[in-house]
>>> print(open('upload_17.cif').read())   # mmCIF, C-alpha atoms
data_coords
#
loop_
_atom_site.label_atom_id
_atom_site.label_comp_id
_atom_site.auth_asym_id
_atom_site.auth_seq_id
_atom_site.Cartn_x
_atom_site.Cartn_y
_atom_site.Cartn_z
CA MET A 70 8.95 -9.66 -10.85
CA SER A 71 5.72 -11.54 -10.19
CA LEU A 72 2.47 -10.01 -9.08
CA ALA A 73 2.99 -11.45 -5.59
CA GLY A 74 6.47 -9.93 -5.51
CA GLN A 75 5.16 -6.52 -6.52
CA ARG A 76 2.41 -6.79 -3.92
CA SER A 77 4.97 -7.55 -1.22
CA ARG A 78 7.11 -4.64 -2.37
CA ILE A 79 4.19 -2.20 -2.19
CA VAL A 80 3.26 -3.42 1.29
CA GLY A 81 6.86 -3.15 2.46
CA LEU A 82 7.32 0.34 1.07
CA THR A 83 4.05 1.47 2.63
CA ARG A 84 5.20 0.16 6.01
CA GLU A 85 8.51 1.95 5.55
CA LEU A 86 6.68 5.19 4.75
CA ALA A 87 4.53 4.77 7.88
CA SER A 88 7.65 4.20 9.97
CA HIS A 89 9.33 7.32 8.60
CA TRP A 90 6.17 9.31 9.20
CA GLU A 91 5.99 8.17 12.84
CA ARG A 92 9.55 9.36 13.37
CA THR A 93 8.75 12.67 11.69
CA ARG A 94 5.65 13.12 13.89
CA GLU A 95 7.86 12.98 16.98
CA SER A 96 9.15 16.45 16.08
CA TRP A 97 6.38 17.82 13.83
CA ARG A 98 3.23 18.08 15.91
CA ASP A 99 1.35 21.12 14.64
CA ALA A 100 -1.83 21.57 12.62
CA GLN A 101 0.14 21.43 9.37
CA ALA A 102 1.37 17.95 10.24
CA GLN A 103 -2.18 16.82 10.88
CA GLU A 104 -3.31 18.33 7.60
CA PHE A 105 -0.42 16.68 5.74
CA GLU A 106 -1.30 13.32 7.26
CA ARG A 107 -4.97 13.68 6.43
CA LYS A 108 -4.49 15.11 2.96
CA TYR A 109 -1.66 12.91 1.71
CA LEU A 110 -0.83 9.93 3.88
CA GLU A 111 -4.38 8.75 4.48
CA GLU A 112 -4.99 8.98 0.74
CA ILE A 113 -1.86 6.96 0.05
CA HIS A 114 -2.89 4.28 2.52
CA SER A 115 -6.38 4.15 1.06
CA GLY A 116 -4.98 3.86 -2.46
CA VAL A 117 -2.54 1.15 -1.45
CA SER A 118 -5.32 -0.83 0.22
CA ALA A 119 -7.42 -0.61 -2.95
CA ALA A 120 -4.44 -1.57 -5.11
CA ILE A 121 -3.63 -4.58 -2.92
CA ALA A 122 -7.25 -5.75 -3.07
CA ALA A 123 -7.21 -5.40 -6.87
CA MET A 124 -3.91 -7.26 -7.11
CA ASP A 125 -5.33 -10.07 -5.00
CA GLN A 126 -8.33 -10.34 -7.33
CA ILE A 127 -6.10 -10.34 -10.40
CA ASP A 128 -3.92 -13.03 -8.84
CA LYS A 129 -7.00 -15.19 -8.19
CA GLN A 130 -8.12 -14.76 -11.81
CA ILE A 131 -4.67 -15.63 -13.13
CA SER A 132 -4.60 -18.76 -10.96
CA LYS A 133 -8.05 -19.75 -12.19
CA LEU A 134 -7.00 -19.25 -15.81
CA ARG A 135 -3.89 -21.35 -15.29
CA ASN A 136 -5.95 -24.14 -13.74
CA ASP A 137 -8.59 -23.97 -16.48
CA CYS A 138 -6.07 -23.91 -19.31
CA GLY A 139 -3.38 -26.12 -17.88
#
>>> encode(input="upload_17.cif", output="structure tokens")
Amino acid sequence: MSLAGQRSRIVGLTRELASHWERTRESWRDAQAQEFERKYLEEIHSGVSAAIAAMDQIDKQISKLRNDCG
């Protein structure tokens, strides 16, 4: 699968995770849920954002290389 395809997959899976978490939060509303969200989910979202930004930069470099060499 291409870099763009992998990027789309990561974004889609992250959205799916967020959707599942929202449904979970409807019934899990205590301090542990808040801690779980802060400790794990916010870190995941931050990591995904950084990964997407890196993938975008890599994609730009690959495109530049193709144009320069092609």
>>> resolve_selection(input="upload_17.cif", expression="the PyMOL selection byres ((chain A and resi 120) around 12)", output="number ranges by chain")
A: 72, 75-77, 79-80, 83, 113-119, 121-127
>>> write_last_selection(input="upload_17.cif", atoms="C-alpha atoms", output="short mmCIF file (atom, residue, chain, number, x, y, z; two decimals), keeping the file's coordinate frame")
data_model
loop_
_atom_site.label_atom_id
_atom_site.label_comp_id
_atom_site.auth_asym_id
_atom_site.auth_seq_id
_atom_site.Cartn_x
_atom_site.Cartn_y
_atom_site.Cartn_z
CA LEU A 72 2.47 -10.01 -9.08
CA GLN A 75 5.16 -6.52 -6.52
CA ARG A 76 2.41 -6.79 -3.92
CA SER A 77 4.97 -7.55 -1.22
CA ILE A 79 4.19 -2.20 -2.19
CA VAL A 80 3.26 -3.42 1.29
CA THR A 83 4.05 1.47 2.63
CA ILE A 113 -1.86 6.96 0.05
CA HIS A 114 -2.89 4.28 2.52
CA SER A 115 -6.38 4.15 1.06
CA GLY A 116 -4.98 3.86 -2.46
CA VAL A 117 -2.54 1.15 -1.45
CA SER A 118 -5.32 -0.83 0.22
CA ALA A 119 -7.42 -0.61 -2.95
CA ILE A 121 -3.63 -4.58 -2.92
CA ALA A 122 -7.25 -5.75 -3.07
CA ALA A 123 -7.21 -5.40 -6.87
CA MET A 124 -3.91 -7.26 -7.11
CA ASP A 125 -5.33 -10.07 -5.00
CA GLN A 126 -8.33 -10.34 -7.33
CA ILE A 127 -6.10 -10.34 -10.40
#
>>> resolve_selection(input="upload_17.cif", expression="the PyMOL selection byres ((chain A and resi 86) around 12)", output="list of chain:residue names")
A:Ile79, A:Val80, A:Gly81, A:Leu82, A:Thr83, A:Arg84, A:Glu85, A:Ala87, A:Ser88, A:His89, A:Trp90, A:Glu91, A:Arg92, A:Thr93, A:Glu106, A:Tyr109, A:Leu110, A:Glu111, A:Ile113, A:His114, A:Val117
>>> write_last_selection(input="upload_17.cif", atoms="C-alpha atoms", output="PDB file, in the frame of the given file")
ATOM      1  CA  ILE A  79       4.190  -2.200  -2.190  1.00  0.00           C
ATOM      2  CA  VAL A  80       3.260  -3.420   1.290  1.00  0.00           C
ATOM      3  CA  GLY A  81       6.860  -3.150   2.460  1.00  0.00           C
ATOM      4  CA  LEU A  82       7.320   0.340   1.070  1.00  0.00           C
ATOM      5  CA  THR A  83       4.050   1.470   2.630  1.00  0.00           C
ATOM      6  CA  ARG A  84       5.200   0.160   6.010  1.00  0.00           C
ATOM      7  CA  GLU A  85       8.510   1.950   5.550  1.00  0.00           C
ATOM      8  CA  ALA A  87       4.530   4.770   7.880  1.00  0.00           C
ATOM      9  CA  SER A  88       7.650   4.200   9.970  1.00  0.00           C
ATOM     10  CA  HIS A  89       9.330   7.320   8.600  1.00  0.00           C
ATOM     11  CA  TRP A  90       6.170   9.310   9.200  1.00  0.00           C
ATOM     12  CA  GLU A  91       5.990   8.170  12.840  1.00  0.00           C
ATOM     13  CA  ARG A  92       9.550   9.360  13.370  1.00  0.00           C
ATOM     14  CA  THR A  93       8.750  12.670  11.690  1.00  0.00           C
ATOM     15  CA  GLU A 106      -1.300  13.320   7.260  1.00  0.00           C
ATOM     16  CA  TYR A 109      -1.660  12.910   1.710  1.00  0.00           C
ATOM     17  CA  LEU A 110      -0.830   9.930   3.880  1.00  0.00           C
ATOM     18  CA  GLU A 111      -4.380   8.750   4.480  1.00  0.00           C
ATOM     19  CA  ILE A 113      -1.860   6.960   0.050  1.00  0.00           C
ATOM     20  CA  HIS A 114      -2.890   4.280   2.520  1.00  0.00           C
ATOM     21  CA  VAL A 117      -2.540   1.150  -1.450  1.00  0.00           C
TER      22      VAL A 117
END
>>> closest_residue(input="upload_17.cif", among="A:Ala73, A:Arg78, A:Ser96, A:Glu112", to="Ser132 of chain A", atoms="all atoms listed in the file")
A:Ala73
>>> axis_aligned_box(input="upload_17.cif", around="segment 105-124 of chain A", padding_each_side="8 Å", output="AutoDock Vina command-line options")
--center_x -3.9 --center_y 4.7 --center_z 0.1 --size_x 23.0 --size_y 39.9 --size_z 30.4
>>> atom_distance(input="upload_17.cif", atom1="atom CA of Gly74 of chain A", atom2="atom CA of Asn136 of chain A")
20.6 Å
